[in-house]
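Novice: Shown below is the structure under consideration.
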Amino acid sequence: MNPRSVRHLLIALAATVACAGQLQAQATGEIRGFVVDNTMMAALNDVTITVADQTVLSAQQGYFIVENVPAGVHTLTASLLGYRPFETQVTVTVGTTTEVDVRMSVAPLEMAPIVAVGYGETETRDLTGVVTQVPSEAFNTGRMVSAEELIRAKVAGVQVTEANRSEPGGGISIRIRGGTSVTASNEPLYVIDGVIIPVGGGLSSGRNPMNFLNPDDIESFTVLKDASATAIYGSQGANGVVLIETTTGRRAATSGARVTYSGNISGSNVAARPDVLNATQFRDVVADQQPSKLPLLGSASTDWQKAIERSAFGQEHTLAVGGGTDRMNFRVSLGYLNQAGVVEASETERMTLNFAYNQLLFDDRLSLKANILGSRNEDQYTPGSVIGGASQFAPTQPIEVSDSPYGGYFEWDDPIATNNPIGELNLSVVEGTTWRSIGNVTGEYSIPKLDGLSATARLGYGVTNSERREFYPTNLKSQVDSDFPPGQVNRSNPSEFSWLFDGFLTYRGTWDQHGLDVTGGYAYYQVNNDTPFLQAYGLNTNLLGVYGIPSSEQRETTLFSEEARVASWFARGNYTFQDRYLLTATVRTDGSSQFGEDNQWAVFPSIAGAWRISEESFMAGSGALSDLKLRVSWGKNGNSAFDRYQQYKTYVFGDAFARAQFGDEFVPTVRPSGTDPNIKWEETGSWNFGLDFGFSNNRYWGSLEYYTKSTDDLIFTVPVAQGSNLSNQVTTNIGSMKNNGFEATLNAMLFQGTGDGFTWDANFNFGYNKNELTEINPFTEDASVEQILVGGISGGVGRTIQVLTPGEPINSFYVWEHKRDSSGKPIYEDVNGDGTINEHDLYVDRDGIPGITENDKYAYNSPQPDWIIGHTSLMRLKKFDFSFTLLAQIGNYVYNNVASAYGNYRQLVFSAAPANMQSSVLENGFDVPQYDSDVYVEDASFLRMENIELGYTFDRWLNGVRVYGVVQNAFIITGYSGVDPTAGINGIDNNLYPRTRTFTAGLNVSL
Amino acid sequence: MRIQRIMTLCVASALLMGVAACSITTEPKSTATDANVFDEAEQYRAFLAKIYAGLAVTGQQGGAGDGDIIGFDEGFSHYVRLLWQMNELPTETAVIAWGDGSLQELNTMVWGSTNSFLTGMYNRVYLQVGWVNEFLRETTASKLSERGHTALADEIAGYRAEARFLRALSYWHGIDLFGDIPLVDESSPLGAEPPQQATRAQVFEFAVNELDEIYSELPIAGGNDYGRADQGAAAMLLAKLYMNAEVYTGSARYADALAETQKVIAGGYGLDPSYQHVFMADNHTSQEIIFPVPQDGEAQQSYGGTTFLIHASCGGSMNAADYGHGECWWGLRAGGPQLPGLFPTPEDSPDSRAMFYTTDTNIDVLNLTRFQDGWAVTKWSNLTSGGLIPPQSDYFATVDYPMFRLGDAYLMYAEAVLRGGGGDIGLAVDYVNALRERAYGDASGNITEIDLTLDFVLDERARELYWEGHRRMDLIRYGLFTGGDYLWQWKGGVQAGRSVEACFRLYPLPGAELAANPNLTQNDCY
């Protein structure tokens, strides 16, 4: 029985009871009251109220009335899924009406009865795949610029990592059960209200494209992890799927409208920055190492890092109106966010305007749903080399000098010297604007006379127009030194337009002990991109800033246009027998423009079964055990998120600066490219074995999972036999990769006080994943040559620090083993006595062939964590609520590029001007950079307090006012020596944005 | 109910609409494909231009952008830059200070098969070969007539001959550097099985035959556009092949070498009155250049070629503007005392070819990564002969790279005579003296027949042609590159220099190539 029929039954039952009561009409009174949400005072309807053997449901505005209650003291209980049970004593006197306030508090970690699964929803008890829902009540709190941050540490096996953690709204990567690809995207597929979002979240002017979502407008995240759950998304599902449901007016379904406001302000400051020498230390080192350069040093003592930092203010406001009747509801919300970064010139601003509308029509047979999300994001960026410049610029120099031609800022007289970061910060402008809207209209029609059969059609769209504007004035040092005429304006205006159509039929039916739920249909998706770019050089004025293009002497423009299409047929069937034997089969056939002509269509099947052991008769009376379900699933998924048009032998036209000279003429060129015309999806086959459990009526519940994922036809751009193709490398399906791991999730309602009593909900999740690249190129048996160097670092041109090689996790660090002295310190001395200290002295000769070469490098750890552990606690006592979220990663390694590039005395001589050093130079004493030393690959395991929140609710004010305070990144425990142990998904710490701590105070008001 | 029927109809037709839109093919919009590019007749010329540009720039966008070589820094991937480094850095004439990737291995002759610079050069060779093969396949008579381009047949016949010259040029570089390599021509279809390894001699024969075949189809020396191949370039390439034939095939071909140099010398070229001018921004006006790789600060921007040479050879207390640009890269300088030592009183030599910057520098290279260890070389300059920075750019060089020039032909003639290739020893002395008179400004440096020995020619080649990408080849021909007979600083990876095994005369085949092509056998040593 689905919940709707339960509800109808209960109403009927209540009516019957009420009628029966009226007959007796003696020595009774009545009870009436309102049911509200304890926190936000929102009226709650459909709450089951039971008192003195009568059961009623609360109606509009939470009103309920129970008549003909015998006089005396009764226990009234109220229950609603997602809320804690409520209980109170009521004294009824004859002939009077007793008023009762029923205040229900949420139970955010309670098992959701129904979850979204893609092209429909299903009852949690019937699930055979791995699906985890995170409701808004369990989201992370504090300053959340990006939607993905809301679920960090909430779901087992899901890693949420920012490329540049503390930059407001910086890009975010999500890995669900480890990455499955190298060349294609590893990001999950995002689906918002049924609308597929382009790879990685779409476009932006430089920050996380998902910043267009206002967290206050999100009702839930649902993460689909195993193949049984993701197979319905076929060639786009291999990295998992994240379904995002936005908030509708459903919860505020009172007659009339309800207005809510939520707002907060925040302050952030720098919690950690790279460790470089101060002016005194720097002067001492110069005196010791390069005394000839002492006369160059100034007398200032400038802390360049502090000079670029600030305390950052932020504010966020959301005003929402929601309401409706029993046949329609709506919600309109207006949001504003402004968050400054702790480094000058970085800031993000967001305005959102969202609309949701649901309507029942034609005897409730047609359910019409519409959602439209619109946003504008305005971003300011810290120019590219400011952060690195602050670590490198000599601390003995002043920020400004009176006679400087560089806008008044001190600069060294050498084109390859580091530039003054404050000059760059104050003179240049980097900013962007992104307009975005996504929306859909979905109609679900219950077909008459065919009970259980419904047809659904959805039309959705996504539009993004992004713009990035950069201005570098003529007097900026790097412009004066540039090989182009000085003064530069860059403008890029990428735009993306997508639309989709889904049409499917759903049948739900039960006979005797059999249950069937079948969905099948067709989906079409198309996305078009335009990527125009304009660069203008040689400005005749700096007055016009980013708009100075008309004053430029020289311009370069380009535009690339692309289109992709996917057409699909899909079907899914769930069969249940005796409510305990469950079988799910899914198949999706995708035709994609990404695939070569021999591989245009692909089939992705999955099958899963589950056994609800707890329903078996032999389990009856097994006491505390309330749920026990064994699951197994298998399926195949694809990944088609790779560059477009790979299957074509393209001829690329050259620009005006890359021509051939024929006599007096410079002739334009066209170049053919090497191609694999049969390129296709990467294919991941996975197994999942799971056990769901619940104790004490699911007061404690959770799951254990074990999975293996093996990816074949992995796309690599690999060297081809020279002479056989038109380029040195060709992109083709060639490699294989494995991920396997296990996960454990436990949700516990540790304390269950009713009313104002103490409650404590806790979630613990553990994910362990092991990634291994098993094969790059099956056509060679020589493993030593089968490696691809990746992971570009700064320092030297084209330098890399990671490797893709079989038998190791992807992006393993690829380094020389530094010899250590007895105290473990890396040696730096002329071991072979040839008069110089170089790699032949410092590193272990691993291949035994004399001399240290590339072949002596070894794969040493990887950026991927072995363990990701999350914990959430949510507590409540009287009007107070308290929560915190902890995140730990174990076994992730980071390459400290700041130390490797700046931690050496070559900083003093690489140009005429001496540059500052990272302080490891004082210990290691390296004269020249040892980029490839394993010294810089550090264990970056950490435990971080993501957020701590304390709130208090004034329930008598208006319809409820809650005030709260949050600290984010309260502390971190790590052995990593650099700025941030979560240095992006690829573990290279290269002038990261300084780590930030944020304090937020806010209030929620319900009118 | 009527409304319900309408609804059902709507849903059904919406479903059909979606299905109807299901053509899932999308064709590239901002690039052409093989299916349509040659619908435009201009694109044959553009394709040929790309094969030439493969020597001159690194990708389809000036400076850097959309590089030709995948998986390697684009600036590093310049054909001439790589070729130059592989022929100069391992010798006594040059060292480089930078620690980029495995670059230092080139200074010290301890390279391995994963060295990305060697891989890059190997890739460049086959990129040229592959493009030429494709060009020849796309310009057959039948393809032209299919597309209605028969009117172009004559013009394209010339293009085809030039393309084959460029293929022979790259094959020469290929066998010179790597030895036995695959031989692929236009008859092998694309993407087929990995090609078989050919011997050095087979590739040599192929190149020689090709050049003989196309010789008459090429314009006479000086008869083609500047920057394009003519008979002078073909004869010079043949001369180069024959001169080193003993190294490549085991059989000497000095008479043939001599004959080809005679053709070159008869080609109407003349020594530039100013030695320095051959390496300056307006060197396209020089009568001496037989086959240049043109470089232009505006139309041919890259981080390789002469842009690399002018910037990388500048550092220390040198003033970049004195060499026609604004930025020193602190990289290249002489590899120790031998190169300066070839000139009398090198710091202020009567031989004007001795162009060194010695202020605050050591003549010895104690530290490879210190720019001031080893004298700086000022031979390459982005100034015009009038002393001006070219209007195109003070960053990207406008100095054409003289891949072949008359001075080289003169010395090859002399060497061929001495090696028994026939010819006239008196003429050989005259040629050498022509170079020396230009260098000394008068006859004070002239030699006589007695002075003209093979060893003298080797030294004279270093004096005349140093830093032009010839040295490794010359030392190998003289048997001095490997072994212990001739040592220089950092030969073999030690400061004093040490004997190096003979097999290092060949670079290893790249590891990536061995992985991709199981038909190949690695060179000895690696």
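Naming works like this for the structure tokens: A, B, ... for the chains as they're shown, residue 1 at the start of each chain, ligands 1 onward in shown order.
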Per residue of chain B within 6 Å of chain A, what are the shortest atom pair and its distance in Å to one decimal, counting only C-alpha atoms, with rows by chain and residue number, as JSON lines?
Specialist:
{"residue": "B:Leu15", "atom": "CA", "partner": "A:Gly503", "partner_atom": "CA", "distance": 5.5}
{"residue": "B:Cys22", "atom": "CA", "partner": "A:Ala567", "partner_atom": "CA", "distance": 5.7}
{"residue": "B:Ile24", "atom": "CA", "partner": "A:Ser593", "partner_atom": "CA", "distance": 5.2}
{"residue": "B:Thr25", "atom": "CA", "partner": "A:Ser593", "partner_atom": "CA", "distance": 5.0}
{"residue": "B:Thr26", "atom": "CA", "partner": "A:Ser593", "partner_atom": "CA", "distance": 5.8}
{"residue": "B:Lys29", "atom": "CA", "partner": "A:Ser561", "partner_atom": "CA", "distance": 5.9}
{"residue": "B:Ser30", "atom": "CA", "partner": "A:Phe560", "partner_atom": "CA", "distance": 5.4}
{"residue": "B:Thr31", "atom": "CA", "partner": "A:Val652", "partner_atom": "CA", "distance": 5.4}
{"residue": "B:Ala32", "atom": "CA", "partner": "A:Tyr651", "partner_atom": "CA", "distance": 5.0}
{"residue": "B:Thr33", "atom": "CA", "partner": "A:Thr650", "partner_atom": "CA", "distance": 4.1}
{"residue": "B:Asp34", "atom": "CA", "partner": "A:Lys649", "partner_atom": "CA", "distance": 5.8}
{"residue": "B:Ala46", "atom": "CA", "partner": "A:Thr669", "partner_atom": "CA", "distance": 4.3}
{"residue": "B:Phe47", "atom": "CA", "partner": "A:Val670", "partner_atom": "CA", "distance": 5.2}
{"residue": "B:Ala49", "atom": "CA", "partner": "A:Ala660", "partner_atom": "CA", "distance": 5.3}
{"residue": "B:Lys50", "atom": "CA", "partner": "A:Thr669", "partner_atom": "CA", "distance": 4.8}
{"residue": "B:Ala53", "atom": "CA", "partner": "A:Ala660", "partner_atom": "CA", "distance": 4.9}
{"residue": "B:Gln60", "atom": "CA", "partner": "A:Gly654", "partner_atom": "CA", "distance": 4.1}
{"residue": "B:Gln61", "atom": "CA", "partner": "A:Asp655", "partner_atom": "CA", "distance": 5.3}
{"residue": "B:Gly62", "atom": "CA", "partner": "A:Phe657", "partner_atom": "CA", "distance": 4.1}
{"residue": "B:Asp73", "atom": "CA", "partner": "A:Gly798", "partner_atom": "CA", "distance": 5.0}
{"residue": "B:Asp100", "atom": "CA", "partner": "A:Gly796", "partner_atom": "CA", "distance": 5.2}
{"residue": "B:Gly101", "atom": "CA", "partner": "A:Arg799", "partner_atom": "CA", "distance": 5.7}
{"residue": "B:Asn123", "atom": "CA", "partner": "A:Asn728", "partner_atom": "CA", "distance": 5.7}
{"residue": "B:Tyr126", "atom": "CA", "partner": "A:Gly723", "partner_atom": "CA", "distance": 5.5}
{"residue": "B:Leu127", "atom": "CA", "partner": "A:Ser727", "partner_atom": "CA", "distance": 6.0}
{"residue": "B:Gly130", "atom": "CA", "partner": "A:Gly723", "partner_atom": "CA", "distance": 5.5}
{"residue": "B:Val184", "atom": "CA", "partner": "A:Gly723", "partner_atom": "CA", "distance": 6.0}
{"residue": "B:Leu190", "atom": "CA", "partner": "A:Asn725", "partner_atom": "CA", "distance": 5.5}
{"residue": "B:Gly191", "atom": "CA", "partner": "A:Ser724", "partner_atom": "CA", "distance": 5.1}
{"residue": "B:Pro194", "atom": "CA", "partner": "A:Ala721", "partner_atom": "CA", "distance": 5.4}
{"residue": "B:Asp225", "atom": "CA", "partner": "A:Gly663", "partner_atom": "CA", "distance": 4.2}
{"residue": "B:Tyr226", "atom": "CA", "partner": "A:Gly663", "partner_atom": "CA", "distance": 4.2}
{"residue": "B:Gly227", "atom": "CA", "partner": "A:Phe662", "partner_atom": "CA", "distance": 5.6}
{"residue": "B:Glu298", "atom": "CA", "partner": "A:Phe657", "partner_atom": "CA", "distance": 5.9}
{"residue": "B:Ala299", "atom": "CA", "partner": "A:Phe657", "partner_atom": "CA", "distance": 4.1}
{"residue": "B:Gln300", "atom": "CA", "partner": "A:Ala658", "partner_atom": "CA", "distance": 4.7}
{"residue": "B:Gln301", "atom": "CA", "partner": "A:Phe657", "partner_atom": "CA", "distance": 5.7}
{"residue": "B:Tyr395", "atom": "CA", "partner": "A:Asp483", "partner_atom": "CA", "distance": 4.9}
{"residue": "B:Gly511", "atom": "CA", "partner": "A:Val785", "partner_atom": "CA", "distance": 5.2}
{"residue": "B:Glu513", "atom": "CA", "partner": "A:Ala721", "partner_atom": "CA", "distance": 5.9}
{"residue": "B:Ala515", "atom": "CA", "partner": "A:Thr780", "partner_atom": "CA", "distance": 5.1}
{"residue": "B:Ala516", "atom": "CA", "partner": "A:Ala721", "partner_atom": "CA", "distance": 4.8}
{"residue": "B:Asn517", "atom": "CA", "partner": "A:Ala721", "partner_atom": "CA", "distance": 4.8}
Novice: Determine, counting only C-alpha atoms, which protein, DNA and RNA residues have an atom within 8 Å of an atom of range 705-708 of chain A; residues of the same chain fewer than 3 positions away are not included. Present the result as a PyMOL selection string.
Specialist: chain A and resi 686-691+738-744
Novice: Please dump the current selection as a compact mmCIF listing (two decimals), in the first residue's frame; keep N, CA and C atoms.
Specialist:
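Wrote it out as part15.txt, contents follow:
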# COMPACT_ATOMS: atom_id res chain seq x y z
N SER A 686 29.69 -2.84 -12.43
CA SER A 686 29.88 -2.86 -10.98
C SER A 686 28.97 -3.85 -10.29
N TRP A 687 29.46 -4.33 -9.20
CA TRP A 687 28.73 -5.19 -8.29
C TRP A 687 28.56 -4.46 -6.98
N ASN A 688 27.43 -4.66 -6.35
CA ASN A 688 27.25 -4.11 -5.02
C ASN A 688 26.56 -5.15 -4.14
N PHE A 689 27.10 -5.33 -2.97
CA PHE A 689 26.49 -6.22 -1.98
C PHE A 689 26.18 -5.38 -0.77
N GLY A 690 24.90 -5.37 -0.37
CA GLY A 690 24.54 -4.47 0.71
C GLY A 690 23.66 -5.15 1.74
N LEU A 691 23.68 -4.58 2.91
CA LEU A 691 22.83 -5.07 4.00
C LEU A 691 22.24 -3.84 4.68
N LYS A 738 40.11 -0.06 -11.82
CA LYS A 738 39.27 -0.73 -10.83
C LYS A 738 39.07 0.18 -9.63
N ASN A 739 37.90 0.11 -9.05
CA ASN A 739 37.68 0.71 -7.74
C ASN A 739 36.98 -0.35 -6.93
N ASN A 740 37.39 -0.53 -5.72
CA ASN A 740 36.54 -1.31 -4.84
C ASN A 740 36.65 -0.77 -3.44
N GLY A 741 35.60 -1.06 -2.68
CA GLY A 741 35.60 -0.48 -1.35
C GLY A 741 34.39 -0.90 -0.58
N PHE A 742 34.31 -0.40 0.62
CA PHE A 742 33.11 -0.66 1.39
C PHE A 742 32.69 0.60 2.13
N GLU A 743 31.45 0.56 2.53
CA GLU A 743 30.87 1.72 3.18
C GLU A 743 30.02 1.26 4.34
N ALA A 744 29.97 2.07 5.35
CA ALA A 744 29.08 1.78 6.46
C ALA A 744 28.40 3.07 6.86
Novice: May I ask which of the residues B:Asp230, B:Asp430, B:Glu415, B:Asp424 is the closest one to Leu454 in chain B, counting only C-alpha atoms?
Specialist: B:Glu415
Novice: Please identify the strand (DSSP E) residues within range 39-253 of chain A (assignment by DSSP from backbone atoms) and present them as a VMD selection string.
Specialist: chain A and resid 48 to 51 54 to 57 63 to 70 72 to 79 86 to 92 97 to 104 114 to 116 121 to 123 131 to 135 158 to 162 172 to 176 189 to 192 195 to 196 218 to 224 241 to 246
Novice: Quick one: residues within 9 Å of Val278 in chain B, only C-alpha atoms counted, chain neighbours fewer than 2 positions away excluded, as a VMD selection string?
Specialist: chain B and resid 272 274 to 276 280 to 286 288 to 289 380 399 to 402
